[in-house]
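To start, the structure under review is shown below, and the notes come after it.
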Number of protein chains: 2
Amino acid sequence: MRAPPGVSPADFSAALSRLENALGKDWVFLSDADMEMYRDPYSPFWHEDADRIPSAAIAPDSVEQVQAAVRIANHFKIPIWTVSTGKNLAYGGAAPALSGSVVLDLKRMNRIPEVNEKNHYALVEPGVSYFDLYRYIQDHNLKVWIDPAGPGWGSPVGNSLDRGGGSTPMNDHFAAVCGLEVVLANGDLLRTGMGALPAAKTWQQYKYGFGPYIDGIFSQANFGVVTKMGVWLMPEPEAYREGMVSVPKHDDLIPFVETLSYLRDSDVLRGTMLLESPVLNYRASQGGTVLDVPGGPSIADMEKIGAEKNLPYWRVVARFWGAQNVIDAQWEYTKEKFSAIPGASFQDNHAFRLPADPKEADNVQSYYLGVPSLSVFASLSSQSHMGFSPIIPMTGEAVFEALRVFGQAYTDLGVPPKDQVFSMPWTFFAHAFVLLAGLPISHDMEKNRQWRKVFERLVEVSAEHGWGEYRTHVAFMDKVASFYSYNNHALRRFHETIKDAIDPNGILSPGKSGVWPKHLRKM
Amino acid sequence: MRAPPGVSPADFSAALSRLENALGKDWVFLSDADMEMYRDPYSPFWHEDADRIPSAAIAPDSVEQVQAAVRIANHFKIPIWTVSTGKNLAYGGAAPALSGSVVLDLKRMNRIPEVNEKNHYALVEPGVSYFDLYRYIQDHNLKVWIDPAGPGWGSPVGNSLDRGGGSTPMNDHFAAVCGLEVVLANGDLLRTGMGALPAAKTWQQYKYGFGPYIDGIFSQANFGVVTKMGVWLMPEPEAYREGMVSVPKHDDLIPFVETLSYLRDSDVLRGTMLLESPVLNYRASQGGTVLDVPGGPSIADMEKIGAEKNLPYWRVVARFWGAQNVIDAQWEYTKEKFSAIPGASFQDNHAFRLPADPKEADNVQSYYLGVPSLSVFASLSSQSHMGFSPIIPMTGEAVFEALRVFGQAYTDLGVPPKDQVFSMPWTFFAHAFVLLAGLPISHDMEKNRQWRKVFERLVEVSAEHGWGEYRTHVAFMDKVASFYSYNNHALRRFHETIKDAIDPNGILSPGKSGVWPKHLRKM
């Protein structure tokens, strides 16, 4: 038995026996085999001492058991690392930031107290996966859609609180959160928003409640254990259609993104779009990089290839959900606006009524239709990776700069063009682009070491240019947080002040997002 | 000179002289005449001792001056009450919750560092009014719309942080906040979200930053002084149209609201709508009440009046902004969906291209076109009032229940039908209705006393039925907060824990939203 850091074996033993009393012996896990289940399958530290391994894991079944467990941990000052379903691949899996923490695994708390079809929301526990919620809705024949994360085994609670993104118009997952129930470090139980009214009727309908609106401080955070969450759903739309918009020239990107931003912020283009470059993808398919590297081919060269191969320089698939006549009009308007760019071309893609005929639905990634799946593992994400995900402005200029800046960074690091992992921007969030590159992880320690170096350098370069990560792997949370340093780390100091006040023993998820309790703080 | 509570005259005098040094003599106000300017013009306590009057007011011109002022206040433990433009009529004006506080008036901080036309946002200081921002946009010929609060002299910062609502699709003002700059109680300066990156490029484009997302805790709160705020704007739409939907029968409300909710959550109906009842309004015009009172006319009676006078029972004006073909399709679809209710009827209202011809624009309340005005003072709000504004579910059943419950409450209080001030629900926020009744205030002390009693009883009845106020007058903040009492006031205790940690001397806006510093806490 390995005790958590700073906890004596005797205390740990006493705590475990109390935890067994509170949760039942079956739900306190200690064996090495069990601990393997809580390691990060995409760990950048395989076979290295720095790999995060928990000392134990506990799986309560109710709010009362969570309260009991947290009180025991608080009494013995045992660090606990909370996970919902514990997936979160590319960002750390179920593994704690602080090795030796006890994983608080909420998978058994998988109840769905309510799904409301008329006001379009659900109330869920943290162990509810996107699959569970989808199945519940299907079983009850409710006319609402969820917006699943890429892999459907994740949970609305975990993904929303880590501020993940989806694919449909409800893609900003934290924006869809409405009302939390939270167990605090002292075991106290809090309900936010309208949930603070004992007879609450709008806990899942109105977010803010009265007075300070605190839900945000439980996201990407270690200030409490969320045990229930309201999440807004989308009314089942009547039809779906998609269309492709392409422009031929490199410099077309400037008006292209400007039009994209106009249409998105006008609620015409909704859901998540990926800015693609068929020309650059072609170069990548020939062993090159999509990035703008020193000595790389000129814009004229690339445009020539585009013309020869009939590949547009830039492209986006626009998706529409809703009434048939409305989405037809939106697609018409989208074409009209993009037509201002000389050479713009358009292609009608799949279009069908909803609920979709299975054959038609097969043509579209299921999550665009609100259906959770694990299909992402069949595509580019099949490889173990760490997510590099900076936010850049939603402008063509920013995209050009990013391609140049990261091209230079990779070159400076000596990474050959074919290995320069990169991603074009996505529109998971309003008003800004997010890049989502998956840097490869393997069981090769030397390669992992090199990729960690690359990762850190990319984060650094990113910050130098004013682009911050929206989320990161547990292994890099300190690094990423360190760049959010305005006014001598005022934001981190503020987070720490709150942390010390509401979790004075520092037991909740130490190190999450770079926020450490006093006794573990490095500076 | 009247010193703030708990501050010795000597200390106050010393503080004032330091404040004069820091801000300039002209910007420290002490005279009785000056203090009149900071009283609540809609105070429910006119001529009574309980009326809130500040001891002084200060008007810094820069972030550095705010920091200096807050440090001086912190040193001498002087309570300061922050206002932006200090309007906030019906909710307390510029007057502090704690009489004798020094008003920190940010009106001079009225700079607009940036308005971005391509990514649709502005960065503003707290003293910037909706008029100022509108004028800036006009002067620079930028193609973006603001969403003004009812009276245009309010400020985006003040209104958004009090979580007010507007009229266009950007009507949830707090939801449009993106990035804050905050002076903390110790004078420290914080930037939230992406603003914590020193070279930040997306401070106004991406809200959440990295780690705990804290913006919400500066809304309806006393945790810091916001000195800059990012606010999302709407791309200038190309056309506007409105249409009226009416249904004849009382019970039609159930499917009527269900359809409204479906269309709203599908992004077809956007902006703020008011649910109206021409039949009930007719009754009110005859000296009756719109509420469902014991012994009042039966539903059949009312429906008969409706049939005779050709008045629908329920009605809503739907508004559409955007591309002509899209909004035409949305209006068509809206009619199609409501047509499922037997007897539903439709009327095309104003429709025009944007920017609007002034003659056409005159037909529409200017704030529906993103233009700030003071026209609300020419209508029902012209009378001094206190805003009673509970959130109820967006269902017909909830509306019926509210009409009955508040009808009973008014009856129990002995308020005659003609004086039973009430409001039909608005859609300022997604997924829920808000009622907005203005209870009258005057210079008649006895009447004010009665209306305060009415107000408190309505709030109480509201809470008993699970409906909480979304915002309230300073005079009733304690009362309203007292009902958000789940688990022995866990939420308030949490707010207080944060308050004590980040403002240990309790100088910032004591009493705001019922959050008091330790030394002034009543329980």
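Naming works like this for the structure tokens: A, B, ... for the chains as they're shown, residue 1 at the start of each chain, ligands 1 onward in shown order.
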
| task | Write out as number ranges by chain all residues of segment 165-343 of chain A that backbone DSSP assigns to helix (DSSP H, G or I). | result | A: 174-176, 193-196, 215-218, 250-265, 278-285, 299-309, 324-338

| request: Just list the residues in segment 346-472 of chain B DSSP gives strand (DSSP E or B) on the backbone, as a VMD selection string. | output: chain B and resid 346 to 353 373 385 to 388 390 to 393 426 432 to 434 437 to 440 469

| message | Could you list, as a list in words, every residue within 9 Å of Leu263 of chain A, counting only C-alpha atoms and ignoring same-chain residues fewer than 6 positions away? | response |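 So, after excluding close chain neighbours, the residues are Leu269, Arg270, Thr334 and Lys337 of chain A; Pro235 of chain B.
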
Against segment 381-399 of chain A, which residues of segment 175-251 of chain B fall within 9 Å? For each one I want the closest pair of atoms and the distance in Å (one decimal), counting only C-alpha atoms, rows by chain and increasing residue number, as a tab-separated table.
```
residue	atom	partner	partner_atom	distance
B:Lys201	CA	A:Pro393	CA	6.7
B:Thr202	CA	A:Pro393	CA	5.8
B:Gln205	CA	A:Pro393	CA	7.1
B:Tyr206	CA	A:Ile391	CA	7.6
```

Written selection (C-alpha atoms) as a tab-separated table (two decimals), in the first residue's frame:
```
chain	number	residue	atom	x	y	z
B	201	LYS	CA	-5.07	38.49	-28.46
B	202	THR	CA	-8.49	37.05	-27.61
B	205	GLN	CA	-13.28	36.82	-28.03
B	206	TYR	CA	-12.97	33.85	-25.68
```

| field | Interatomic distance, atom CA of Met424 of chain B to atom CA of Ser485 of chain B (Å, one decimal) | value |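 Computing it gives 27.0 Å between the two atoms.
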
At a cut-off of 8 Å, using only C-alpha atoms, what residues contact Arg39 of chain A? Leave out same-chain residues fewer than 6 positions from it and give the result as a compact mmCIF listing (two decimals) with C-alpha atoms, in the first residue's frame.
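This went into selection28.txt:
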```
# COMPACT_ATOMS: atom_id res chain seq x y z
CA ARG A 52 0.79 9.83 -12.31
CA ILE A 53 -0.53 6.87 -10.36
CA PRO A 54 -3.18 7.04 -7.66
CA GLY A 93 -7.61 10.39 -18.48
CA ALA A 94 -8.51 9.57 -14.90
CA ALA A 95 -5.00 10.12 -13.56
```

| said: I'd like the neighbourhood of Val279 of chain A as an MDAnalysis selection string, where a residue qualifies if any of its atoms comes within 12 Å (using only C-alpha atoms), though same-chain residues fewer than 5 positions away should be ignored. | reply: chainID A and resid 246:250 284:286 288:291 297 299:315

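Distances here use only C-alpha atoms; by that measure, the residue among B:Arg71, B:Phe12, B:Pro212, B:Tyr333 closest to Arg471 of chain A is B:Pro212.
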
| remark: Correct to one decimal, the distance atom CA of Glu181 of chain A-atom CA of Ile502 of chain A is 15.7 Å

| task | Return the single residue from B:Val371, B:Ala149, B:Ala3, B:Val474 that is closest to chain A, with distances computed using only C-alpha atoms. | result |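 Closest candidate: B:Val474.
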
| task | Check the smallest atom-to-atom distance from each of B:Val257, B:Val115, B:Leu16, B:Ala463 to Arg2 of chain B using only C-alpha atoms, then report the winner. | result | B:Leu16

| Nearest candidate to Gln347 of chain A (options A:Val317, A:Val454, A:Val376, A:Val103; using only C-alpha atoms) | A:Val317
